[in-house]
Protein chains: 2
Amino acid sequence: MTSKLAIALPEHSAHESSLNIQFLLTGTELMVGDIVDTNSVMLAQSLKDHGAEVTRKVTLGDDFNSLVAEIEHMSRTADVLLINGGLGPTADDLTAEALAAVIGQPLEENAEALIHLSAWCDRRGFNLAGANRKQIVLPKGITIVPNPTGSAVGFSVIHNQCHIICTPGVPIELKQMWQQEILPQLIPYLPKKNKVKTVKIHTFGKGESAIQNLFDQHLADWPQAIEIGYRAASPLVDVKLTTRSEHAESLIPIWLPKIEALLGGHVLKISTVDANTAEALQQPYTLAESLVGLLSKHQQTVSTAESCTGGLIASNITRIAGSSAVFEAGYVTYSNRIKSELLGVKRETLQANGAVSEAVVLEMAKGALAASGSDWTVSVSGIAGPGGGSDEKPVGTVWICWGSCSQLKTQRLVYPTNRLNFQRFIANVGLDLIRREILNIDEMPSYFLKKGK
Amino acid sequence: MTSKLAIALPEHSAHESSLNIQFLLTGTELMVGDIVDTNSVMLAQSLKDHGAEVTRKVTLGDDFNSLVAEIEHMSRTADVLLINGGLGPTADDLTAEALAAVIGQPLEENAEALIHLSAWCDRRGFNLAGANRKQIVLPKGITIVPNPTGSAVGFSVIHNQCHIICTPGVPIELKQMWQQEILPQLIPYLPKKNKVKTVKIHTFGKGESAIQNLFDQHLADWPQAIEIGYRAASPLVDVKLTTRSEHAESLIPIWLPKIEALLGGHVLKISTVDANTAEALQQPYTLAESLVGLLSKHQQTVSTAESCTGGLIASNITRIAGSSAVFEAGYVTYSNRIKSELLGVKRETLQANGAVSEAVVLEMAKGALAASGSDWTVSVSGIAGPGGGSDEKPVGTVWICWGSCSQLKTQRLVYPTNRLNFQRFIANVGLDLIRREILNIDEMPSYFLKKGK
């Protein structure tokens, strides 16, 4: 099926000088808190990457009269009204019916939609019958917008000088229709010269406010043309530099190195934002990805000896494709007995110092290096909580040991928070410490400067 | 500060017989895809718990003229218009200014807001100065709505017979203001007799459509009064039974057991939904929670021997508070050499069968039981991908072994998907198989009935 969607707008839009794009999201599940809206986030981000913004977003339940009134109302101020949802086969899918009422046209079986749905059913060995047939009954006079994956076609019509485009609610179907059919039609009207570029600096070990304070102190002459933003990608923090002109973009090579110098070893990676995926929906960059990349490059291996993180460091590493080349063994030694049996931690060491101690993590690390033969190792023992704390060793206390056969380092940290956040943060600290060793970073990481109790 | 917010509505609202509640969300960050809206989800869910629904939800960027037009427009159809966001100290926070324009009142320093903000600053050792002062400049004639935590007070006014309530965008502040100040005022107008109750059946091992088909076949006479819904809480599936009347609720004890009988060992837990937290924002129930609870009850322990799941089973278990009583040791044996050295898997076994084989997982499990002395164990070896597959053992192939010293069982599964989903699902299968052993569930889990290649 070839697209016939053709968006043609006046040089200067009827409503405003820049394109007025509005979204109408439909579905009772969006109104009663059953699902979180991510579709409009994806579209908004995609528009932003082209220098454009959504003017207005309305969400309605599956109510015929409200839909009719809202479509009519929005079409009066929008150049483009994108309606999302309500194209499904069930009785509460009302978009086609409402649009027909708005434009004063009858509903009819659409020949092109029938061809699409028949082919879709054939591929799945279904009979085209019953409820599904509803999806080919569309307002007279609309233009079909192909759906590469789903059963419901999109459709478009001009009303009140507004291009109304109806799209499916299933995220993957919407995304494909947007990228393949709708966005290419819109691009000629989007502010090209104002194209937004974003550079992301992925960091670990400094909090958002600490980074902000550092910049306030040292980058007082920062150019207004480069917007700085922060995003907590827990436990990482991303610093975002956004430029909206070629001039601003040309300043990045001057100013980015100043940030890199200030953040030093806390920078994991610099990347440009993928324009095809909404930022809020992207898989975040991880420390494990950084570490596995480094180990692969150096053809080295790492092992883990975990007590309080309970396998999370190993799991973070092995989540990364290709980690089998750099990771051979992980020891989750939760009890004292297993610390001794598996890693050779001496019972006297445990008795004299307790499991959460420098001596114990040192012996755990030595045991892991000896048993696994890995180049690097990291061991952790701490109190994740909520129970198990004492005055001397409160919840959040942890000892870490990391390094190689030639040198092992140890450090105590106190990071009181809930169990899950503690495990996540400490697992990342473990990964970060190995990364710093491989890169020969001398500077002290920020998380060691905090004073524990 | 005591609340003066008093919502008084006519017996029969001016607009409709049921309360017309609308949300206006403001903030450019919501429009450009920088953040996902969870505030309205929380409020909608809370309203739903009281039998009410949001009629309409509009999201706008920080644009003065649009805000003024929208507030005026919405106030004409809503009984209650809740405006969220735009109360902060910076120039793009425009809610007070826009509301003043809508109601035709000047902005002035509000004495009550000043007291609140002074106290807030005092507690933090800040001086009340500069940008923060903006937060006490409010439209004349409004009623203050206290903010228990944040610097910005809420405020309310009646316009076009509509109660307009302005609230802060910070989720925790909104939540407290909603629960302590706004909801209690609304409750007299919400449909009490129609109070919604939800029972959730947490399941693992059957897909959403498989459950739906099962119900279609065996529960043809299901009473309309109990709504059935499904929620993928990956990899769990929650079945939700919603009732909206006392009569409907009285049917639950008759019908819930029929569902339990149909789903058998796939049911992990039955719970009633917490009315205070939006469902989409709740921490999901996990298989590890179920297993740790069972092991604790029986005073038994488990160990893990993981290859392709790389520590995720151990990590899932140790994420649960109190898991140290039931979990002692986890072996992450990623390489063949480590499988032999750590768990005593014979080199001949590996050579003859390959690492992904019944013989290897059996020896891994035996090794883990012997080394850890645990009551139960589970071992897995498979191909998580994206590389490493073959015709005979495609990506997604996994062998699992589980049980105790008295009996070990093995099974092969093929679950082709991406690496992360594969690891998550297989880790949960591992936890589930131990759960089934402890509970003596004879029936075959659904995920074993699928035919692999």
# chains A, B, ... in the order shown; residues from 1 in each chain; ligands from 1
>>> closest_atom_pairs(of="chain A", to="chain B", cutoff="7 Å", atoms="only C-alpha atoms", output="CSV")
residue,atom,partner,partner_atom,distance
A:Met31,CA,B:Val54,CA,6.0
A:Val32,CA,B:Ala44,CA,4.9
A:Gly33,CA,B:Val41,CA,4.2
A:Asp34,CA,B:Ala280,CA,6.0
A:Ile35,CA,B:Ala280,CA,6.1
A:Val36,CA,B:Thr38,CA,6.7
A:Thr38,CA,B:Val36,CA,6.6
A:Val41,CA,B:Gly33,CA,4.2
A:Met42,CA,B:Gly33,CA,6.5
A:Ala44,CA,B:Val32,CA,4.8
A:Gln45,CA,B:Gly33,CA,4.8
A:Lys48,CA,B:Val32,CA,6.1
A:Glu53,CA,B:Val32,CA,6.3
A:Val54,CA,B:Met31,CA,6.0
A:Thr55,CA,B:Leu60,CA,6.6
A:Arg56,CA,B:Leu60,CA,5.1
A:Lys57,CA,B:Thr59,CA,4.9
A:Val58,CA,B:Val58,CA,4.2
A:Thr59,CA,B:Lys57,CA,4.9
A:Leu60,CA,B:Arg56,CA,5.1
A:Gly61,CA,B:Thr55,CA,6.9
A:Ala278,CA,B:Gly33,CA,6.7
A:Glu279,CA,B:Asp34,CA,6.8
A:Ala280,CA,B:Asp34,CA,6.0
A:Gly310,CA,B:Ser315,CA,5.1
A:Gly311,CA,B:Ser315,CA,4.7
A:Leu312,CA,B:Ser315,CA,5.1
A:Ala314,CA,B:Gly311,CA,5.5
A:Ser315,CA,B:Gly311,CA,4.7
A:Thr318,CA,B:Gly310,CA,5.3
A:Arg319,CA,B:Leu420,CA,6.4
A:Ala321,CA,B:Pro386,CA,6.8
A:Ser324,CA,B:Tyr334,CA,6.7
A:Phe327,CA,B:Tyr334,CA,6.8
A:Glu328,CA,B:Tyr334,CA,4.8
A:Ala329,CA,B:Thr333,CA,5.0
A:Gly330,CA,B:Val332,CA,4.5
A:Tyr331,CA,B:Tyr331,CA,5.4
A:Val332,CA,B:Gly330,CA,4.5
A:Thr333,CA,B:Ala329,CA,5.0
A:Tyr334,CA,B:Glu328,CA,4.8
A:Ser335,CA,B:Glu328,CA,4.9
A:Ile338,CA,B:Ala329,CA,6.3
A:Ser372,CA,B:Ile338,CA,7.0
A:Pro386,CA,B:Ala321,CA,6.8
A:Leu420,CA,B:Arg319,CA,6.3
>>> residues_around(residues="stretch 94-102 of chain A", least_positions_apart="3", cutoff="10 Å", atoms="only C-alpha atoms", output="mmCIF file with C-alpha atoms, in the first residue's frame")
data_model
loop_
_atom_site.group_PDB
_atom_site.id
_atom_site.type_symbol
_atom_site.label_atom_id
_atom_site.label_comp_id
_atom_site.auth_asym_id
_atom_site.auth_seq_id
_atom_site.Cartn_x
_atom_site.Cartn_y
_atom_site.Cartn_z
ATOM 1 C CA THR A 26 -8.454 9.014 23.477
ATOM 2 C CA GLY A 27 -9.092 6.070 25.730
ATOM 3 C CA ASP A 62 -14.225 6.946 25.177
ATOM 4 C CA ASP A 63 -17.264 9.226 25.057
ATOM 5 C CA PHE A 64 -18.820 10.022 21.685
ATOM 6 C CA ASN A 65 -20.186 13.504 22.413
ATOM 7 C CA SER A 66 -16.985 14.703 24.101
ATOM 8 C CA LEU A 67 -14.902 13.436 21.181
ATOM 9 C CA VAL A 68 -17.045 15.216 18.609
ATOM 10 C CA ALA A 69 -16.965 18.506 20.519
ATOM 11 C CA GLU A 70 -13.227 18.317 21.112
ATOM 12 C CA ILE A 71 -12.272 17.450 17.538
ATOM 13 C CA GLU A 72 -14.361 20.347 16.270
ATOM 14 C CA SER A 75 -9.543 21.765 14.533
ATOM 15 C CA ILE A 83 -5.748 11.929 17.085
ATOM 16 C CA ASN A 84 -4.329 8.864 18.807
ATOM 17 C CA GLY A 85 -6.307 5.782 19.809
ATOM 18 C CA GLY A 86 -9.855 4.568 19.334
ATOM 19 C CA LEU A 87 -9.214 2.671 16.072
ATOM 20 C CA GLY A 88 -9.595 -0.807 17.532
ATOM 21 C CA PRO A 89 -12.301 -3.391 16.830
ATOM 22 C CA THR A 90 -14.354 -3.017 20.015
ATOM 23 C CA ALA A 91 -17.431 -0.952 20.776
ATOM 24 C CA GLN A 105 -19.987 12.439 6.237
ATOM 25 C CA PRO A 106 -21.456 8.942 6.451
ATOM 26 C CA LEU A 107 -19.463 5.873 7.480
ATOM 27 C CA GLU A 108 -18.769 3.337 4.740
ATOM 28 C CA LYS A 134 -15.425 -2.531 12.255
ATOM 29 C CA GLN A 135 -11.889 -1.366 11.463
ATOM 30 C CA ILE A 136 -12.663 -0.924 7.767
ATOM 31 C CA VAL A 137 -15.789 1.181 8.321
ATOM 32 C CA LEU A 138 -14.475 4.732 7.953
ATOM 33 C CA PRO A 139 -15.844 8.205 7.188
ATOM 34 C CA LYS A 140 -16.445 8.866 3.490
ATOM 35 C CA GLY A 141 -13.797 11.025 1.837
ATOM 36 C CA ILE A 142 -10.872 10.272 4.132
ATOM 37 C CA GLY A 154 -4.818 5.373 9.963
ATOM 38 C CA PHE A 155 -6.776 8.022 8.079
ATOM 39 C CA SER A 156 -6.705 11.704 7.445
ATOM 40 C CA VAL A 157 -9.044 14.508 6.404
ATOM 41 C CA HIS A 159 -11.547 20.129 8.243
ATOM 42 C CA ILE A 164 -6.783 15.800 11.095
ATOM 43 C CA CYS A 166 -6.152 9.522 13.114
ATOM 44 C CA THR A 167 -3.551 7.034 14.365
ATOM 45 C CA PRO A 168 -3.574 3.730 16.272
#
>>> closest_residue(among="B:Leu433, B:His50, B:Asp92, B:Lys4", to="B:Pro191", atoms="only C-alpha atoms")
B:His50
>>> select_by_dssp(residues="stretch 57-151 of chain B", states="strand (DSSP E)", output="number ranges by chain")
B: 57-60, 80-84, 107-109, 137-139, 143-145
>>> write_last_selection(atoms="N, CA and C atoms", output="short mmCIF file (atom, residue, chain, number, x, y, z; two decimals), in the first residue's frame")
data_model
loop_
_atom_site.label_atom_id
_atom_site.label_comp_id
_atom_site.auth_asym_id
_atom_site.auth_seq_id
_atom_site.Cartn_x
_atom_site.Cartn_y
_atom_site.Cartn_z
N LYS B 57 -8.70 16.08 30.12
CA LYS B 57 -7.36 16.38 30.61
C LYS B 57 -6.67 17.15 29.50
N VAL B 58 -6.21 18.36 29.79
CA VAL B 58 -5.52 19.16 28.79
C VAL B 58 -4.10 19.44 29.29
N THR B 59 -3.13 19.34 28.38
CA THR B 59 -1.75 19.65 28.73
C THR B 59 -1.27 20.80 27.85
N LEU B 60 -0.68 21.78 28.47
CA LEU B 60 -0.20 22.96 27.74
C LEU B 60 1.23 23.27 28.15
N VAL B 80 -15.17 21.04 38.73
CA VAL B 80 -13.90 21.19 39.42
C VAL B 80 -12.80 21.16 38.37
N LEU B 81 -11.98 22.19 38.34
CA LEU B 81 -10.85 22.22 37.42
C LEU B 81 -9.58 22.23 38.25
N LEU B 82 -8.82 21.13 38.17
CA LEU B 82 -7.58 21.05 38.91
C LEU B 82 -6.43 21.42 37.99
N ILE B 83 -5.75 22.52 38.30
CA ILE B 83 -4.60 22.94 37.50
C ILE B 83 -3.34 22.46 38.20
N ASN B 84 -2.46 21.78 37.47
CA ASN B 84 -1.26 21.22 38.08
C ASN B 84 -0.01 21.80 37.43
N LEU B 107 -2.70 40.84 40.92
CA LEU B 107 -1.81 40.01 41.73
C LEU B 107 -1.36 40.81 42.95
N GLU B 108 -1.23 40.15 44.09
CA GLU B 108 -0.78 40.87 45.29
C GLU B 108 -0.03 39.88 46.18
N GLU B 109 0.82 40.40 47.07
CA GLU B 109 1.47 39.53 48.03
C GLU B 109 0.42 38.98 48.97
N VAL B 137 3.15 35.87 45.44
CA VAL B 137 2.36 36.85 44.68
C VAL B 137 1.23 36.12 43.95
N LEU B 138 0.01 36.29 44.47
CA LEU B 138 -1.11 35.48 44.01
C LEU B 138 -2.30 36.37 43.66
N PRO B 139 -3.26 35.85 42.88
CA PRO B 139 -4.42 36.67 42.53
C PRO B 139 -5.21 37.07 43.79
N THR B 143 -8.36 31.49 47.77
CA THR B 143 -8.24 30.79 49.05
C THR B 143 -6.98 29.93 49.00
N ILE B 144 -6.18 30.02 50.05
CA ILE B 144 -4.93 29.23 50.10
C ILE B 144 -5.23 27.75 50.36
N VAL B 145 -4.53 26.87 49.66
CA VAL B 145 -4.57 25.43 49.95
C VAL B 145 -3.17 25.06 50.46
#
>>> decode(residues="stretch 395-421 of chain A", atoms="C-alpha atoms", output="PDB file, in the first residue's frame")
ATOM      1  CA  VAL A 395      22.264   0.539  57.625  1.00  0.00           C
ATOM      2  CA  GLY A 396      23.965   1.757  54.451  1.00  0.00           C
ATOM      3  CA  THR A 397      27.513   0.935  55.609  1.00  0.00           C
ATOM      4  CA  VAL A 398      29.555  -0.960  53.058  1.00  0.00           C
ATOM      5  CA  TRP A 399      33.169  -1.991  52.548  1.00  0.00           C
ATOM      6  CA  ILE A 400      34.426  -2.331  48.993  1.00  0.00           C
ATOM      7  CA  CYS A 401      37.642  -3.861  47.711  1.00  0.00           C
ATOM      8  CA  TRP A 402      38.731  -3.670  44.084  1.00  0.00           C
ATOM      9  CA  GLY A 403      41.741  -4.136  41.866  1.00  0.00           C
ATOM     10  CA  SER A 404      44.011  -6.838  40.493  1.00  0.00           C
ATOM     11  CA  CYS A 405      46.601  -9.301  41.791  1.00  0.00           C
ATOM     12  CA  SER A 406      49.189  -6.537  41.707  1.00  0.00           C
ATOM     13  CA  GLN A 407      47.172  -4.067  43.766  1.00  0.00           C
ATOM     14  CA  LEU A 408      43.977  -4.190  45.780  1.00  0.00           C
ATOM     15  CA  LYS A 409      42.367  -1.047  47.211  1.00  0.00           C
ATOM     16  CA  THR A 410      39.693  -0.787  49.887  1.00  0.00           C
ATOM     17  CA  GLN A 411      37.237   1.863  50.927  1.00  0.00           C
ATOM     18  CA  ARG A 412      34.356   2.276  53.352  1.00  0.00           C
ATOM     19  CA  LEU A 413      31.189   4.095  52.291  1.00  0.00           C
ATOM     20  CA  VAL A 414      27.981   4.938  54.105  1.00  0.00           C
ATOM     21  CA  TYR A 415      25.006   5.318  51.790  1.00  0.00           C
ATOM     22  CA  PRO A 416      21.790   5.179  53.800  1.00  0.00           C
ATOM     23  CA  THR A 417      18.678   4.845  51.610  1.00  0.00           C
ATOM     24  CA  ASN A 418      16.208   2.090  50.883  1.00  0.00           C
ATOM     25  CA  ARG A 419      17.402  -1.432  50.127  1.00  0.00           C
ATOM     26  CA  LEU A 420      16.859  -1.279  46.368  1.00  0.00           C
ATOM     27  CA  ASN A 421      18.578   2.080  45.868  1.00  0.00           C
TER      28      ASN A 421
END
